[in-house]
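These notes concern the structure reproduced below.
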Amino acid sequence: MHLMTFIAMYRPGRLMRFMVFAAQGIFYNTMFIGYLISPSFCHRLVGYLEDEAVATYTKCLTEMDKGWLPQWTDPDFKIPDIAIKYWKMPEGRRTMRDLILYIRADEASHRGVNHTLGNLDQTSDPNPFMESDSGVNHMHLAAAKPAGLERKEVLEKYASGVGTRT
Ligand SMILES: [Fe+2]
């Protein structure tokens with residue numbers, strides 16, 4: 001959705017679209033093979049990539065606040081409908097700054113989830129994001145922790161009967 005939102009805003013030409021398509025093809029296949037070899041490594045790598053994304057969007061917000069990105073702070077700048085629908089952005093909260101906040105929150109969640117999975121033993125530990133009946137939203141917990149949930153934390157929750165083993 002992040003990619004679709006930015007594509008809707010900037011309508012890249014054929015060359016740029018091809019480069020995005022090719023990069024996705026290369027990344028997808030490399031990640032697929034990488035995941036077969038070491039899921040932990042892949043989750044850790046994605047965790048760090050997402051960490052960079054959070055830092056980049058934070059820098060972007062700082063620069064918008066300093067007035068260094070006038071195109072995005074222009075009151076006439078419209079964000080695409082696809083973004084308003086996807087994030088259910090309320091009326092009056094649909095600026096580029098709001099959109100970046102939503103996107104950054106997603107990245108923070110991806111970062112926490114991937115670092116958490118990177119902290120776990122892939123062969124024996126439960127996946128805290130697969131549970132359905134514990135009432136605990138591990139996704140929210142992980143989003144608030146840049147380094148993810150510690151393995152000990154996840155296992156303690158399961159030992160105390162919260163969550164189901166998957
Ligand atoms: Fe992400």
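If you're wondering about the labels, chains in the structure tokens are A, B, ... by order shown, residues count from 1 in each chain, ligands from 1 in order shown.
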Neighbouring residues of Met9 (chain A) were defined as those with any atom within 7 Å, considering only C-alpha atoms; residues of the same chain fewer than 2 positions away were excluded. Please report them as a short mmCIF file (atom, residue, chain, number, x, y, z; two decimals) with all heavy atoms, in the first residue's frame.
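Everything below was put into part-v1.cif:
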```
data_model
loop_
_atom_site.label_atom_id
_atom_site.label_comp_id
_atom_site.auth_asym_id
_atom_site.auth_seq_id
_atom_site.Cartn_x
_atom_site.Cartn_y
_atom_site.Cartn_z
N THR A 5 0.47 3.96 -2.89
CA THR A 5 0.16 5.35 -2.53
C THR A 5 1.12 6.32 -3.22
O THR A 5 0.70 7.30 -3.83
CB THR A 5 0.24 5.54 -0.99
OG1 THR A 5 -0.75 4.70 -0.40
CG2 THR A 5 0.00 6.98 -0.58
N PHE A 6 2.42 5.98 -3.15
CA PHE A 6 3.40 6.88 -3.77
C PHE A 6 3.30 6.85 -5.29
O PHE A 6 3.50 7.88 -5.95
CB PHE A 6 4.82 6.57 -3.27
CG PHE A 6 5.07 7.13 -1.89
CD1 PHE A 6 5.00 6.32 -0.76
CD2 PHE A 6 5.34 8.48 -1.73
CE1 PHE A 6 5.20 6.85 0.51
CE2 PHE A 6 5.54 9.02 -0.46
CZ PHE A 6 5.47 8.20 0.66
N ILE A 7 2.96 5.69 -5.85
CA ILE A 7 2.78 5.60 -7.31
C ILE A 7 1.58 6.47 -7.72
O ILE A 7 1.63 7.18 -8.72
CB ILE A 7 2.61 4.13 -7.75
CG1 ILE A 7 3.98 3.45 -7.79
CG2 ILE A 7 1.92 4.03 -9.11
CD1 ILE A 7 3.96 1.99 -8.21
N ARG A 11 2.87 9.04 -10.27
CA ARG A 11 2.70 8.45 -11.59
C ARG A 11 4.03 8.28 -12.35
O ARG A 11 4.28 8.97 -13.33
CB ARG A 11 1.74 9.30 -12.44
CG ARG A 11 0.44 9.62 -11.72
CD ARG A 11 -0.73 9.75 -12.66
NE ARG A 11 -1.98 9.50 -11.95
CZ ARG A 11 -2.53 8.29 -11.78
NH1 ARG A 11 -1.97 7.23 -12.31
NH2 ARG A 11 -3.64 8.14 -11.11
N ILE A 79 -3.43 14.28 -0.96
CA ILE A 79 -2.95 12.90 -0.91
C ILE A 79 -3.97 12.04 -1.66
O ILE A 79 -5.14 12.41 -1.76
CB ILE A 79 -2.74 12.41 0.54
CG1 ILE A 79 -4.04 12.49 1.35
CG2 ILE A 79 -1.63 13.18 1.24
CD1 ILE A 79 -3.99 11.72 2.64
N PRO A 80 -3.55 10.89 -2.20
CA PRO A 80 -4.46 10.10 -3.03
C PRO A 80 -5.60 9.43 -2.25
O PRO A 80 -5.44 9.08 -1.08
CB PRO A 80 -3.55 9.06 -3.69
CG PRO A 80 -2.30 9.06 -2.93
CD PRO A 80 -2.19 10.32 -2.16
#
```
Exercise answer, 12 Å around ligand 1 with only C-alpha atoms and all ligand atoms, as a PyMOL selection string: chain A and resi 1-3+43+45-54+56-57+102-114+143
Residues just named, written with N, CA, C and O atoms as a tab-separated table (two decimals), in the first residue's frame:
```tsv
chain	number	residue	atom	x	y	z
A	1	MET	N	0.82	-1.21	0.00
A	1	MET	CA	0.00	0.00	0.00
A	1	MET	C	0.85	1.27	0.00
A	1	MET	O	0.47	2.28	-0.57
A	2	HIS	N	2.03	1.19	0.66
A	2	HIS	CA	2.92	2.36	0.65
A	2	HIS	C	3.34	2.66	-0.79
A	2	HIS	O	3.28	3.80	-1.25
A	3	LEU	N	3.76	1.60	-1.49
A	3	LEU	CA	4.19	1.76	-2.88
A	3	LEU	C	3.03	2.26	-3.75
A	3	LEU	O	3.20	3.19	-4.54
A	43	HIS	N	14.30	-12.38	8.98
A	43	HIS	CA	13.50	-11.51	9.84
A	43	HIS	C	14.36	-10.38	10.42
A	43	HIS	O	13.92	-9.24	10.52
A	45	LEU	N	17.09	-9.09	9.09
A	45	LEU	CA	17.40	-8.16	7.99
A	45	LEU	C	16.22	-7.22	7.73
A	45	LEU	O	16.39	-6.00	7.63
A	46	VAL	N	15.01	-7.79	7.65
A	46	VAL	CA	13.82	-6.97	7.40
A	46	VAL	C	13.59	-6.02	8.58
A	46	VAL	O	13.24	-4.86	8.39
A	47	GLY	N	13.85	-6.51	9.80
A	47	GLY	CA	13.73	-5.66	10.98
A	47	GLY	C	14.62	-4.41	10.86
A	47	GLY	O	14.19	-3.30	11.13
A	48	TYR	N	15.86	-4.63	10.40
A	48	TYR	CA	16.78	-3.49	10.23
A	48	TYR	C	16.33	-2.58	9.08
A	48	TYR	O	16.45	-1.36	9.17
A	49	LEU	N	15.84	-3.18	8.00
A	49	LEU	CA	15.34	-2.35	6.88
A	49	LEU	C	14.19	-1.47	7.35
A	49	LEU	O	14.11	-0.29	7.00
A	50	GLU	N	13.30	-2.06	8.15
A	50	GLU	CA	12.14	-1.31	8.65
A	50	GLU	C	12.58	-0.22	9.62
A	50	GLU	O	11.99	0.85	9.67
A	51	ASP	N	13.64	-0.52	10.38
A	51	ASP	CA	14.19	0.46	11.30
A	51	ASP	C	14.67	1.68	10.51
A	51	ASP	O	14.44	2.83	10.90
A	52	GLU	N	15.33	1.42	9.39
A	52	GLU	CA	15.77	2.50	8.51
A	52	GLU	C	14.58	3.28	7.96
A	52	GLU	O	14.63	4.50	7.81
A	53	ALA	N	13.50	2.55	7.64
A	53	ALA	CA	12.30	3.21	7.11
A	53	ALA	C	11.72	4.16	8.16
A	53	ALA	O	11.37	5.30	7.85
A	54	VAL	N	11.64	3.69	9.41
A	54	VAL	CA	11.12	4.53	10.50
A	54	VAL	C	11.99	5.79	10.62
A	54	VAL	O	11.48	6.91	10.70
A	56	THR	N	13.89	7.17	8.34
A	56	THR	CA	13.73	8.01	7.15
A	56	THR	C	12.45	8.84	7.23
A	56	THR	O	12.46	10.04	6.95
A	57	TYR	N	11.34	8.20	7.65
A	57	TYR	CA	10.07	8.94	7.75
A	57	TYR	C	10.13	9.98	8.88
A	57	TYR	O	9.54	11.04	8.77
A	102	TYR	N	0.95	7.75	9.41
A	102	TYR	CA	0.34	6.42	9.25
A	102	TYR	C	1.37	5.43	8.71
A	102	TYR	O	1.48	4.30	9.20
A	103	ILE	N	2.09	5.86	7.69
A	103	ILE	CA	3.07	4.97	7.06
A	103	ILE	C	4.18	4.61	8.05
A	103	ILE	O	4.58	3.45	8.17
A	104	ARG	N	4.64	5.61	8.81
A	104	ARG	CA	5.70	5.35	9.79
A	104	ARG	C	5.22	4.38	10.87
A	104	ARG	O	5.97	3.50	11.30
A	105	ALA	N	3.95	4.51	11.27
A	105	ALA	CA	3.41	3.58	12.28
A	105	ALA	C	3.42	2.15	11.73
A	105	ALA	O	3.73	1.20	12.46
A	106	ASP	N	3.08	1.99	10.45
A	106	ASP	CA	3.14	0.66	9.83
A	106	ASP	C	4.56	0.11	9.90
A	106	ASP	O	4.78	-1.05	10.25
A	107	GLU	N	5.51	0.95	9.54
A	107	GLU	CA	6.91	0.50	9.51
A	107	GLU	C	7.38	0.12	10.92
A	107	GLU	O	8.13	-0.84	11.08
A	108	ALA	N	6.93	0.87	11.91
A	108	ALA	CA	7.31	0.56	13.30
A	108	ALA	C	6.76	-0.81	13.68
A	108	ALA	O	7.42	-1.60	14.37
A	109	SER	N	5.54	-1.11	13.20
A	109	SER	CA	4.94	-2.40	13.49
A	109	SER	C	5.73	-3.52	12.78
A	109	SER	O	6.06	-4.54	13.38
A	110	HIS	N	6.06	-3.30	11.51
A	110	HIS	CA	6.84	-4.30	10.76
A	110	HIS	C	8.19	-4.54	11.43
A	110	HIS	O	8.68	-5.67	11.51
A	111	ARG	N	8.80	-3.46	11.91
A	111	ARG	CA	10.10	-3.55	12.58
A	111	ARG	C	10.01	-4.43	13.83
A	111	ARG	O	10.79	-5.37	14.00
A	112	GLY	N	9.01	-4.13	14.68
A	112	GLY	CA	8.87	-4.89	15.92
A	112	GLY	C	8.53	-6.35	15.66
A	112	GLY	O	9.07	-7.24	16.33
A	113	VAL	N	7.65	-6.59	14.70
A	113	VAL	CA	7.24	-7.97	14.39
A	113	VAL	C	8.44	-8.76	13.87
A	113	VAL	O	8.71	-9.88	14.32
A	114	ASN	N	9.19	-8.18	12.94
A	114	ASN	CA	10.32	-8.91	12.36
A	114	ASN	C	11.45	-9.12	13.35
A	114	ASN	O	12.06	-10.20	13.37
A	143	ALA	N	5.09	-3.34	18.12
A	143	ALA	CA	5.26	-2.05	17.43
A	143	ALA	C	5.89	-1.01	18.34
A	143	ALA	O	6.59	-0.11	17.89
```
- prompt: Contacts of region 96-98 of chain A at 12 Å or less, counting only C-alpha atoms, minus same-chain residues fewer than 3 places along, as a ChimeraX atom specification?
  reply: /A:5-6,9,57-65,67,69-80,83-84,87-93,101-105
message: Using Å and a single decimal, report how far CA of Asn29 (chain A) sits from CA of Leu15 (chain A).
response: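 We find that CA of Leu15 (chain A) and CA of Asn29 (chain A) lie 21.2 Å from each other.
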- request: Output as a PyMOL selection string all residues of region 41-75 of chain A that backbone DSSP marks as helix (DSSP H, G or I).
  value: chain A and resi 41-65+70-73
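Of the residues under consideration (A:Ala159, A:Ser124, A:Ile37, A:Leu117), A:Leu117 shows the shortest atom-to-atom contact distance to Ala147 (chain A) when counting only C-alpha atoms.
The spacing separating CA of Asn119 (chain A) from CA of Glu150 (chain A) amounts to 6.3 Å.
Between CA of Phe27 (chain A) and CA of Gly13 (chain A) the interatomic distance comes to 21.2 Å.
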